[in-house]
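K.L.:
CSV, C-alpha atoms, file coords02.csv:
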chain,number,residue,atom,x,y,z
A,1,MET,CA,154.0,81.0,17.2
A,2,SER,CA,152.6,78.9,20.0
A,3,ASN,CA,149.5,78.1,17.9
A,4,VAL,CA,151.8,76.8,15.1
A,5,ILE,CA,153.7,74.6,17.6
A,6,GLN,CA,150.5,73.3,19.1
A,7,ASP,CA,149.1,72.5,15.6
A,8,ALA,CA,152.3,70.8,14.6
A,9,THR,CA,152.7,68.7,17.7
A,10,PRO,CA,149.8,66.2,17.0
A,11,ALA,CA,151.1,65.7,13.4
A,12,GLN,CA,154.6,65.1,14.6
A,13,ALA,CA,153.3,62.7,17.2
A,14,ASP,CA,151.2,60.9,14.6
A,15,THR,CA,154.2,60.7,12.3
A,16,GLY,CA,156.4,59.3,15.0
A,17,LEU,CA,153.8,56.7,15.9
A,18,ARG,CA,153.5,55.6,12.3
A,19,LYS,CA,157.3,55.4,12.1
A,20,ASP,CA,157.4,53.2,15.2
A,21,THR,CA,154.7,51.0,13.8
A,22,LEU,CA,156.4,50.6,10.4
A,23,SER,CA,159.7,50.0,12.0
A,24,GLN,CA,158.4,47.3,14.3
A,25,ARG,CA,159.9,43.9,13.6
A,26,HIS,CA,157.7,41.1,12.3
A,27,LEU,CA,158.4,37.4,11.7
A,28,PRO,CA,158.1,36.3,8.1
A,29,ARG,CA,155.2,34.2,6.9
A,30,TRP,CA,157.4,31.1,6.7
A,31,ALA,CA,158.3,31.3,10.4
A,32,PRO,CA,155.9,28.6,11.6
A,33,ALA,CA,157.2,26.2,9.0
A,34,GLY,CA,160.8,27.0,10.2
A,35,PHE,CA,159.8,26.5,13.8
A,36,ALA,CA,158.3,23.2,12.9
A,37,ALA,CA,161.4,22.0,11.0
A,38,VAL,CA,163.7,23.1,13.8
A,39,SER,CA,161.4,21.4,16.4
A,40,VAL,CA,161.4,18.1,14.5
A,41,ALA,CA,165.1,18.1,14.1
A,42,LEU,CA,165.6,18.8,17.8
A,43,GLY,CA,163.0,16.3,18.8
A,44,ILE,CA,164.7,13.5,16.7
A,45,GLY,CA,168.1,14.5,18.1
A,46,ILE,CA,167.0,14.6,21.7
A,47,GLY,CA,165.1,11.3,21.3
A,48,MET,CA,168.1,9.5,19.7
A,49,GLY,CA,170.4,11.0,22.3
A,50,ALA,CA,168.2,9.9,25.1
A,51,GLY,CA,167.9,6.4,23.7
A,52,LEU,CA,164.2,6.6,22.9
A,53,GLN,CA,163.2,4.2,20.2
A,54,SER,CA,159.6,5.2,19.7
A,55,ARG,CA,158.8,7.7,17.0
A,56,ILE,CA,155.7,8.7,19.0
A,57,GLN,CA,158.0,9.9,21.8
A,58,TRP,CA,160.1,11.8,19.2
A,59,GLY,CA,156.9,13.4,17.9
A,60,LEU,CA,155.7,14.5,21.4
A,61,ILE,CA,159.1,16.0,22.1
A,62,SER,CA,158.9,17.9,18.8
A,63,ALA,CA,155.4,19.1,19.5
A,64,ALA,CA,156.4,20.5,22.9
A,65,LEU,CA,159.5,22.2,21.4
A,66,PHE,CA,157.4,23.7,18.6
A,67,VAL,CA,155.1,25.4,21.2
A,68,VAL,CA,158.0,26.7,23.3
A,69,ILE,CA,160.1,27.9,20.3
A,70,SER,CA,157.2,29.7,18.7
A,71,TYR,CA,156.4,31.6,22.0
A,72,VAL,CA,160.0,32.5,22.8
A,73,VAL,CA,161.0,33.6,19.3
A,74,THR,CA,157.9,35.6,18.8
A,75,SER,CA,158.2,37.3,22.2
A,76,THR,CA,161.8,38.2,21.5
A,77,VAL,CA,161.3,39.5,17.9
A,78,GLU,CA,157.8,41.0,18.1
A,79,ASN,CA,156.0,41.5,21.4
A,80,ARG,CA,154.3,39.7,24.2
A,81,ARG,CA,150.8,40.1,22.7
A,82,GLN,CA,151.8,38.5,19.4
A,83,ALA,CA,153.6,35.8,21.3
A,84,LYS,CA,150.5,34.9,23.2
A,85,ASP,CA,148.6,34.8,19.9
A,86,ARG,CA,151.3,32.6,18.4
A,87,LEU,CA,151.2,30.3,21.5
A,88,ALA,CA,147.5,29.7,21.2
A,89,THR,CA,147.8,29.1,17.4
A,90,SER,CA,150.6,26.6,18.0
A,91,VAL,CA,148.7,24.7,20.6
A,92,VAL,CA,145.7,24.4,18.3
A,93,TRP,CA,147.9,23.1,15.5
A,94,VAL,CA,149.6,20.6,17.8
A,95,CYS,CA,146.2,19.3,19.1
A,96,PHE,CA,144.9,19.0,15.5
A,97,LEU,CA,148.0,17.0,14.4
A,98,LEU,CA,147.7,14.8,17.5
A,99,ALA,CA,144.1,14.0,16.5
A,100,VAL,CA,144.7,13.5,12.8
A,101,ILE,CA,147.9,11.5,12.8
A,102,PRO,CA,146.4,8.4,14.6
A,103,LEU,CA,143.4,8.6,12.3
A,104,LEU,CA,145.5,8.7,9.2
A,105,SER,CA,147.7,5.9,10.5
A,106,LEU,CA,144.6,3.8,11.2
A,107,ILE,CA,143.1,4.4,7.7
A,108,TRP,CA,146.5,3.7,6.0
A,109,THR,CA,147.0,0.5,7.9
A,110,THR,CA,143.4,-0.7,7.2
A,111,VAL,CA,143.6,0.1,3.5
A,112,SER,CA,147.1,-1.4,3.0
A,113,ARG,CA,146.2,-4.6,4.8
A,114,GLY,CA,142.6,-4.9,3.7
A,115,ILE,CA,143.2,-4.3,0.0
A,116,GLU,CA,145.1,-7.5,-0.4
A,117,VAL,CA,142.0,-9.8,-0.5
A,118,LEU,CA,139.3,-7.2,-1.1
A,119,ASP,CA,137.8,-8.0,-4.5
A,120,GLY,CA,134.6,-9.1,-6.1
A,121,TYR,CA,134.9,-12.7,-5.0
A,122,PHE,CA,135.4,-11.6,-1.3
A,123,LEU,CA,132.2,-9.4,-1.5
A,124,THR,CA,130.0,-12.1,-3.1
A,125,HIS,CA,130.9,-15.2,-1.2
A,126,SER,CA,130.5,-16.5,2.3
A,127,MET,CA,132.6,-18.7,4.5
A,128,ALA,CA,130.5,-21.8,4.0
A,129,GLY,CA,132.7,-24.8,3.6
A,130,VAL,CA,135.9,-22.8,4.0
A,131,PRO,CA,138.1,-23.6,7.0
A,132,GLY,CA,139.0,-20.5,8.9
A,133,PHE,CA,142.8,-21.1,8.7
A,134,GLU,CA,142.8,-21.4,4.9
A,135,ALA,CA,142.6,-18.8,2.2
A,136,GLY,CA,139.4,-18.1,0.4
A,137,GLY,CA,135.9,-17.3,1.5
A,138,GLY,CA,134.2,-13.9,1.7
A,139,VAL,CA,132.2,-11.4,3.6
A,140,TYR,CA,128.9,-11.6,1.8
A,141,HIS,CA,126.9,-13.3,4.6
A,142,ALA,CA,128.2,-10.7,7.1
A,143,LEU,CA,127.4,-7.8,4.9
A,144,ILE,CA,123.9,-9.0,4.4
A,145,GLY,CA,123.5,-9.4,8.1
A,146,THR,CA,124.7,-5.9,8.8
A,147,LEU,CA,122.5,-4.3,6.3
A,148,GLU,CA,119.4,-6.1,7.5
A,149,GLN,CA,120.1,-5.6,11.2
A,150,VAL,CA,120.9,-1.9,10.8
A,151,GLY,CA,117.9,-1.4,8.6
A,152,LEU,CA,115.5,-3.0,11.1
A,153,ALA,CA,117.1,-1.0,13.9
A,154,THR,CA,116.5,2.2,11.9
A,155,LEU,CA,112.9,1.3,11.1
A,156,VAL,CA,112.3,0.9,14.9
A,157,SER,CA,114.3,3.8,16.3
A,158,ALA,CA,113.9,6.6,13.7
A,159,PRO,CA,110.1,7.1,14.2
A,160,ILE,CA,110.4,6.7,18.0
A,161,GLY,CA,113.3,9.1,18.2
A,162,LEU,CA,111.5,11.6,15.9
A,163,LEU,CA,108.2,11.6,17.8
A,164,THR,CA,110.0,11.8,21.1
A,165,ALA,CA,112.0,14.9,20.0
A,166,VAL,CA,108.8,16.5,18.6
A,167,TYR,CA,107.2,16.0,22.0
A,168,LEU,CA,110.1,17.5,23.9
A,169,VAL,CA,110.4,20.5,21.7
A,170,GLU,CA,106.8,21.3,20.8
A,171,TYR,CA,104.7,19.9,23.7
A,172,GLY,CA,107.0,18.9,26.5
A,173,LYS,CA,106.4,20.7,29.8
A,174,GLY,CA,106.4,19.6,33.4
A,175,ALA,CA,107.7,16.5,35.1
A,176,LEU,CA,107.1,14.1,32.3
A,177,ALA,CA,109.2,16.1,29.8
A,178,LYS,CA,112.0,16.3,32.5
A,179,ALA,CA,111.8,12.6,33.1
A,180,VAL,CA,112.0,11.8,29.4
A,181,THR,CA,115.0,14.1,28.9
A,182,PHE,CA,116.8,12.6,31.9
A,183,PHE,CA,116.3,9.0,30.7
A,184,VAL,CA,117.4,10.0,27.1
A,185,ASP,CA,120.6,11.4,28.6
A,186,VAL,CA,121.1,8.2,30.6
A,187,MET,CA,120.5,6.0,27.6
A,188,THR,CA,123.0,8.0,25.6
A,189,GLY,CA,125.9,6.7,27.8
A,190,ILE,CA,124.9,3.1,28.4
A,191,PRO,CA,127.3,0.4,27.1
A,192,SER,CA,126.2,-1.7,24.2
A,193,ILE,CA,126.6,-4.9,26.3
A,194,VAL,CA,123.8,-3.6,28.6
A,195,ALA,CA,121.4,-3.2,25.7
A,196,GLY,CA,122.3,-6.7,24.6
A,197,LEU,CA,121.7,-8.2,28.1
A,198,PHE,CA,118.3,-6.5,28.3
A,199,ILE,CA,117.1,-8.0,25.0
A,200,LEU,CA,118.7,-11.4,26.0
A,201,SER,CA,116.7,-11.4,29.3
A,202,ILE,CA,113.5,-10.8,27.2
A,203,MET,CA,114.5,-13.7,24.9
A,204,LEU,CA,115.0,-16.0,27.8
A,205,ILE,CA,111.7,-15.1,29.4
A,206,ALA,CA,109.7,-15.4,26.2
A,207,GLY,CA,111.6,-18.4,24.9
A,208,LEU,CA,112.8,-16.7,21.7
A,209,ALA,CA,115.6,-18.0,19.5
A,210,PRO,CA,118.6,-16.0,18.4
A,211,SER,CA,118.0,-14.0,15.2
A,212,GLY,CA,118.9,-10.8,13.4
A,213,LEU,CA,115.7,-9.2,14.8
A,214,MET,CA,116.9,-9.6,18.3
A,215,GLY,CA,120.2,-7.9,17.5
A,216,ALA,CA,118.4,-5.2,15.7
A,217,LEU,CA,116.3,-4.4,18.8
A,218,ALA,CA,119.4,-4.0,20.9
A,219,LEU,CA,120.9,-1.8,18.2
A,220,ALA,CA,117.7,0.3,18.2
A,221,ILE,CA,118.0,0.9,22.0
A,222,LEU,CA,121.5,2.3,21.3
A,223,MET,CA,120.3,4.4,18.4
A,224,ILE,CA,117.1,6.0,19.9
A,225,PRO,CA,118.9,8.5,22.2
A,226,VAL,CA,121.2,9.6,19.4
A,227,VAL,CA,118.2,10.2,17.1
A,228,VAL,CA,116.3,12.0,19.9
A,229,ARG,CA,119.2,14.4,20.8
A,230,SER,CA,120.1,15.3,17.2
A,231,THR,CA,116.5,15.7,16.1
A,232,GLU,CA,115.7,17.8,19.2
A,233,GLU,CA,118.6,20.2,18.4
A,234,MET,CA,117.5,20.5,14.8
A,235,LEU,CA,113.9,21.3,15.7
A,236,LYS,CA,115.1,24.0,18.1
A,237,LEU,CA,116.9,25.7,15.3
A,238,VAL,CA,113.6,26.2,13.4
A,239,PRO,CA,112.7,29.9,13.8
A,240,ASN,CA,109.6,30.5,16.0
A,241,GLU,CA,108.4,33.1,13.4
A,242,LEU,CA,107.6,30.2,11.0
A,243,ARG,CA,105.5,28.5,13.6
A,244,GLU,CA,103.7,31.8,14.6
A,245,ALA,CA,103.1,32.7,10.9
A,246,ALA,CA,101.4,29.3,10.3
A,247,LEU,CA,99.4,29.4,13.5
A,248,ALA,CA,98.2,33.0,12.7
A,249,LEU,CA,96.6,31.6,9.6
A,250,GLY,CA,94.5,29.2,11.7
A,251,VAL,CA,96.5,26.1,10.9
A,252,PRO,CA,96.3,23.4,13.7
A,253,LYS,CA,99.5,22.9,15.6
A,254,TRP,CA,99.9,19.3,14.5
A,255,ARG,CA,99.7,20.4,10.9
A,256,VAL,CA,102.2,23.2,11.5
A,257,ILE,CA,104.7,20.6,12.9
A,258,LEU,CA,104.0,18.2,10.0
A,259,LYS,CA,104.1,20.7,7.1
A,260,VAL,CA,106.4,23.5,8.4
A,261,VAL,CA,108.7,22.5,11.3
A,262,ILE,CA,109.8,19.0,10.2
A,263,PRO,CA,110.3,19.9,6.5
A,264,THR,CA,112.5,22.9,7.6
A,265,ALA,CA,114.6,20.7,9.8
A,266,LEU,CA,114.6,17.6,7.6
A,267,GLY,CA,118.2,18.0,6.4
A,268,GLY,CA,119.5,18.0,10.0
A,269,ILE,CA,117.2,15.2,11.1
A,270,THR,CA,118.4,13.0,8.2
A,271,THR,CA,122.0,13.8,9.1
A,272,GLY,CA,121.4,12.8,12.7
A,273,VAL,CA,119.8,9.5,11.7
A,274,MET,CA,122.7,8.7,9.4
A,275,LEU,CA,125.2,9.4,12.1
A,276,ALA,CA,123.2,7.2,14.5
A,277,ILE,CA,123.3,4.4,11.9
A,278,ALA,CA,127.1,4.8,11.6
A,279,ARG,CA,127.3,4.7,15.4
A,280,ILE,CA,125.6,1.3,15.7
A,281,ALA,CA,127.1,-0.3,12.5
A,282,GLY,CA,130.3,-1.2,14.4
A,283,GLU,CA,128.7,-2.7,17.5
A,284,THR,CA,129.8,-6.3,18.3
A,285,ALA,CA,128.7,-7.2,21.8
A,286,PRO,CA,124.9,-7.3,21.1
A,287,ILE,CA,125.5,-9.4,18.0
A,288,MET,CA,127.6,-11.9,19.9
A,289,LEU,CA,124.8,-12.3,22.5
A,290,LEU,CA,121.7,-12.2,20.4
A,291,VAL,CA,122.6,-13.2,16.8
A,292,PHE,CA,125.3,-15.8,17.5
A,293,GLY,CA,127.0,-15.5,14.1
A,294,SER,CA,126.9,-17.9,11.2
A,295,GLN,CA,129.1,-19.0,8.3
A,296,LEU,CA,126.1,-19.4,6.0
A,297,ILE,CA,124.1,-16.8,4.1
A,298,ASN,CA,120.8,-16.1,6.0
A,299,THR,CA,118.7,-13.5,4.3
A,300,ASN,CA,115.8,-13.9,6.9
A,301,PRO,CA,116.5,-11.7,9.9
A,302,PHE,CA,113.5,-13.1,11.7
A,303,GLU,CA,114.7,-16.7,12.0
A,304,GLY,CA,118.1,-18.3,12.6
A,305,ALA,CA,121.5,-17.0,13.4
A,306,GLN,CA,123.2,-14.4,11.3
A,307,SER,CA,126.5,-12.7,11.1
A,308,SER,CA,127.6,-9.1,10.8
A,309,LEU,CA,130.7,-7.2,9.8
A,310,PRO,CA,131.9,-6.5,13.4
A,311,PHE,CA,131.3,-10.1,14.4
A,312,TYR,CA,133.0,-11.4,11.3
A,313,ILE,CA,136.1,-9.2,12.0
A,314,TRP,CA,136.3,-10.6,15.6
A,315,GLU,CA,135.6,-14.1,14.4
A,316,GLN,CA,138.4,-14.0,11.8
A,317,TYR,CA,140.9,-12.4,14.1
A,318,LYS,CA,140.2,-15.1,16.7
A,319,VAL,CA,141.3,-17.8,14.3
A,320,GLY,CA,144.8,-16.5,14.3
A,321,SER,CA,146.0,-17.6,10.8
A,322,GLU,CA,147.5,-15.3,8.2
A,323,ALA,CA,144.5,-15.8,5.9
A,324,SER,CA,142.0,-15.0,8.6
A,325,TYR,CA,143.9,-11.8,9.5
A,326,ASP,CA,143.7,-10.7,5.9
A,327,ARG,CA,140.0,-11.4,5.8
A,328,ALA,CA,139.6,-9.4,9.1
A,329,TRP,CA,141.4,-6.4,7.7
A,330,ALA,CA,139.4,-6.6,4.5
A,331,ALA,CA,136.1,-6.7,6.4
A,332,ALA,CA,137.3,-3.7,8.5
A,333,LEU,CA,137.9,-1.8,5.3
A,334,VAL,CA,134.4,-2.7,4.1
A,335,LEU,CA,132.9,-1.5,7.4
A,336,ILE,CA,134.9,1.8,7.2
A,337,ALA,CA,133.7,2.3,3.6
A,338,PHE,CA,130.1,1.6,4.7
A,339,VAL,CA,130.3,4.2,7.5
A,340,MET,CA,132.0,6.7,5.2
A,341,ILE,CA,129.3,6.3,2.5
A,342,LEU,CA,126.7,7.0,5.2
A,343,ASN,CA,128.4,10.2,6.3
A,344,LEU,CA,128.7,11.4,2.7
A,345,VAL,CA,125.1,10.6,2.1
A,346,ALA,CA,124.2,12.5,5.2
A,347,ARG,CA,126.2,15.5,4.2
A,348,GLY,CA,124.6,15.5,0.7
A,349,ILE,CA,121.1,15.3,2.1
A,350,ALA,CA,121.8,18.1,4.6
A,351,ARG,CA,123.1,20.3,1.8
A,352,TRP,CA,120.2,19.4,-0.5
A,353,LYS,CA,117.6,20.1,2.2
A,354,ALA,CA,119.2,23.1,3.7
A,355,PRO,CA,117.0,26.2,3.7
A,356,LYS,CA,117.8,28.6,0.8
A,357,THR,CA,119.2,31.9,2.1
A,358,GLY,CA,119.7,33.8,-1.1
A,359,ARG,CA,117.1,35.6,-3.2
Would you encode the structure as structure tokens?

P.N.:
Amino acid sequence: MSNVIQDATPAQADTGLRKDTLSQRHLPRWAPAGFAAVSVALGIGIGMGAGLQSRIQWGLISAALFVVISYVVTSTVENRRQAKDRLATSVVWVCFLLAVIPLLSLIWTTVSRGIEVLDGYFLTHSMAGVPGFEAGGGVYHALIGTLEQVGLATLVSAPIGLLTAVYLVEYGKGALAKAVTFFVDVMTGIPSIVAGLFILSIMLIAGLAPSGLMGALALAILMIPVVVRSTEEMLKLVPNELREAALALGVPKWRVILKVVIPTALGGITTGVMLAIARIAGETAPIMLLVFGSQLINTNPFEGAQSSLPFYIWEQYKVGSEASYDRAWAAALVLIAFVMILNLVARGIARWKAPKTGR
């Protein structure tokens, strides 16, 4: 009899445990949406009751209420462990929305304001002969300047950055490698105006005139550390087994780097270069110091003043008329589209050149 009772006790305990588990209360799947709706309603009510006119303040109050309500209700209905999990999830969602909402607002404002004058005429004409306070004119001269200056900066910085990263990953040891790494880290954080002043001092010493090339050199200084850092990380991701296999066949190290390491990391390297280009495309301070800006079309970056999209935006906004504001917003939309296209190209190249993992 005692054996029967002993045999039945674990089964009864397991059955009771399963009943407790099945009978435990759970919030429905739509609970987060309900919490959000209640939080928004309370946030608006509290904001209006307190006399707050800003919708941003209403949103911050709603976000705080959403986190608190999610934790309290989950702790009451379910348990403390689920409440902590819900709290972490709520904080992540709130942070995500706080980051996305300003971005969407910026894009919406730029598109809605810039689309008014953005057309074929605007993209194919310059501001030559057009007073800044009147309607008309276009962004063609600034677009040409941006393409040429960014292109020259890429031609200068991409090889230097690639070779520096190869040295740090494949050969760099000792004090020299540490010094190069240190200065790359320092250059990553320098303001763009400092790079412009450096090139300006060289111009004054050498007696050089402003040109697109001078601006491109300043942009290259800003671009090099980004290329070095991104390329270095991509080269580190290449498995050592590939290097060892090639070296075991008697292939020289420089050829292993050229034929094995770089092709393997080419997708990531290209992505890093594209992101570096997007980073310098919006710089204004070096262009103001070194290129001076121009209302005319100048397709020669080695002689004479040029314009660029960031400089054009600042220039038109400074005029202060309604027509100049419209041109500034349209140029900003063109610049955003330019950066977006670069990012899409980088993603496409990275996916195209990514190592195949399947059979």

K.L.:
Using all atoms listed in the file, which of A:Leu213, A:Val150, A:Val169, A:Arg55 sits nearest Val339 of chain A?

P.N.:
A:Val150

K.L.:
Record the distance separating atom CA of Ala285 of chain A and atom CA of Tyr312 of chain A, expressed in Å with one decimal.

P.N.:
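Distance reported for this atom pair: 12.1 Å.
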
K.L.:
Just how far from atom CA of Val238 of chain A is atom CA of Thr188 of chain A, in Å to one decimal?

P.N.:
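Calculated distance between atom CA of Thr188 of chain A and atom CA of Val238 of chain A is 23.8 Å.
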
K.L.:
Have a look at atom CA of Met288 of chain A and atom CA of Trp108 of chain A and let me know their distance in Å, one decimal.

P.N.:
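Atom-to-atom, atom CA of Met288 of chain A and atom CA of Trp108 of chain A are spaced 28.2 Å apart.
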
K.L.:
Which of these residues is nearest to Val40 of chain A, using only C-alpha atoms: A:Leu309, A:Ala64, A:Ala88, A:Ala83?

P.N.:
A:Ala64

K.L.:
Using only C-alpha atoms, determine which residues lie at most 12 Å from Glu303 of chain A, disregarding the query and same-chain residues fewer than 4 positions distant; provide the list as a PDB file with C-alpha atoms, in the frame of the given file.

P.N.:
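Final file, around-v1.pdb:
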ATOM      1  CA  LEU A 208     112.800 -16.700  21.700  1.00  0.00           C
ATOM      2  CA  ALA A 209     115.600 -18.000  19.500  1.00  0.00           C
ATOM      3  CA  PRO A 210     118.600 -16.000  18.400  1.00  0.00           C
ATOM      4  CA  SER A 211     118.000 -14.000  15.200  1.00  0.00           C
ATOM      5  CA  GLY A 212     118.900 -10.800  13.400  1.00  0.00           C
ATOM      6  CA  LEU A 213     115.700  -9.200  14.800  1.00  0.00           C
ATOM      7  CA  MET A 214     116.900  -9.600  18.300  1.00  0.00           C
ATOM      8  CA  GLY A 215     120.200  -7.900  17.500  1.00  0.00           C
ATOM      9  CA  LEU A 290     121.700 -12.200  20.400  1.00  0.00           C
ATOM     10  CA  VAL A 291     122.600 -13.200  16.800  1.00  0.00           C
ATOM     11  CA  PHE A 292     125.300 -15.800  17.500  1.00  0.00           C
ATOM     12  CA  ASN A 298     120.800 -16.100   6.000  1.00  0.00           C
ATOM     13  CA  THR A 299     118.700 -13.500   4.300  1.00  0.00           C
TER      14      THR A 299
END

K.L.:
Give me, as a tab-separated table, each residue of segment 93-154 of chain A that comes within 12 Å of segment 216-225 of chain A, together with its shortest interatomic pair and the distance in Å at one decimal, counting all atoms listed in the file, with rows ordered by chain and rising residue number.

P.N.:
residue	atom	partner	partner_atom	distance
A:Gly145	CA	A:Ala216	CA	10.1
A:Thr146	CA	A:Ala216	CA	9.4
A:Leu147	CA	A:Ala216	CA	10.3
A:Glu148	CA	A:Ala216	CA	8.3
A:Gln149	CA	A:Ala216	CA	4.8
A:Val150	CA	A:Ala216	CA	6.4
A:Gly151	CA	A:Ala216	CA	8.1
A:Leu152	CA	A:Ala216	CA	5.9
A:Ala153	CA	A:Ala220	CA	4.5
A:Thr154	CA	A:Ala220	CA	6.7

K.L.:
Keeping only C-alpha atoms, write the selected residues as a PDB file, in the coordinates of the input.

P.N.:
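Heads up, here's the output in result-v3.pdb:
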ATOM      1  CA  GLY A 145     123.500  -9.400   8.100  1.00  0.00           C
ATOM      2  CA  THR A 146     124.700  -5.900   8.800  1.00  0.00           C
ATOM      3  CA  LEU A 147     122.500  -4.300   6.300  1.00  0.00           C
ATOM      4  CA  GLU A 148     119.400  -6.100   7.500  1.00  0.00           C
ATOM      5  CA  GLN A 149     120.100  -5.600  11.200  1.00  0.00           C
ATOM      6  CA  VAL A 150     120.900  -1.900  10.800  1.00  0.00           C
ATOM      7  CA  GLY A 151     117.900  -1.400   8.600  1.00  0.00           C
ATOM      8  CA  LEU A 152     115.500  -3.000  11.100  1.00  0.00           C
ATOM      9  CA  ALA A 153     117.100  -1.000  13.900  1.00  0.00           C
ATOM     10  CA  THR A 154     116.500   2.200  11.900  1.00  0.00           C
TER      11      THR A 154
END

K.L.:
Considering only C-alpha atoms, return as a list in words whatever protein or nucleic-acid residues lie within 9 Å of Ala63 of chain A, sequence-local ones (same chain, fewer than 5 positions apart) excluded.

P.N.:
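The residues that qualify are Ala36, Ser39, Val40, Gly43, Trp58, Val68, Val91 and Val94 of chain A.
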
K.L.:
List the neighbours of Ala33 of chain A out to 12 Å using only C-alpha atoms; skip same-chain residues closer than 5 positions along the sequence, and give me the result as a list in words.

P.N.:
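Residues meeting the cut-off are Leu27, Pro28, Val38, Ser39, Val40, Phe66, Ile69, Ser70, Ser90 and Trp93 of chain A.
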
K.L.:
Which is closer to Ser112 of chain A than all the others in A:Ile144, A:Asp326, A:Ser75, A:Gly207, using all atoms listed in the file?

P.N.:
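Residue with the minimum atom-to-atom distance to Ser112 of chain A: A:Asp326.
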
K.L.:
From the set A:Leu104, A:Arg351, A:Val73, A:Ile280, which residue has the shortest atom-to-atom contact distance to Ser157 of chain A, counting all atoms listed in the file?

P.N.:
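Using all atoms listed in the file, Ser157 of chain A sits closest to A:Ile280.
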
K.L.:
Could you check the closest approach to Pro263 of chain A for each of A:Leu168, A:Ala278, A:Val180, A:Leu235 and tell me which residue wins, using only C-alpha atoms?

P.N.:
A:Leu235

K.L.:
Nearest residue to Glu78 of chain A out of A:Val166, A:Arg25, A:Leu52, A:Gly189, using all atoms listed in the file?

P.N.:
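Selected residue with least distance to Glu78 of chain A: A:Arg25.
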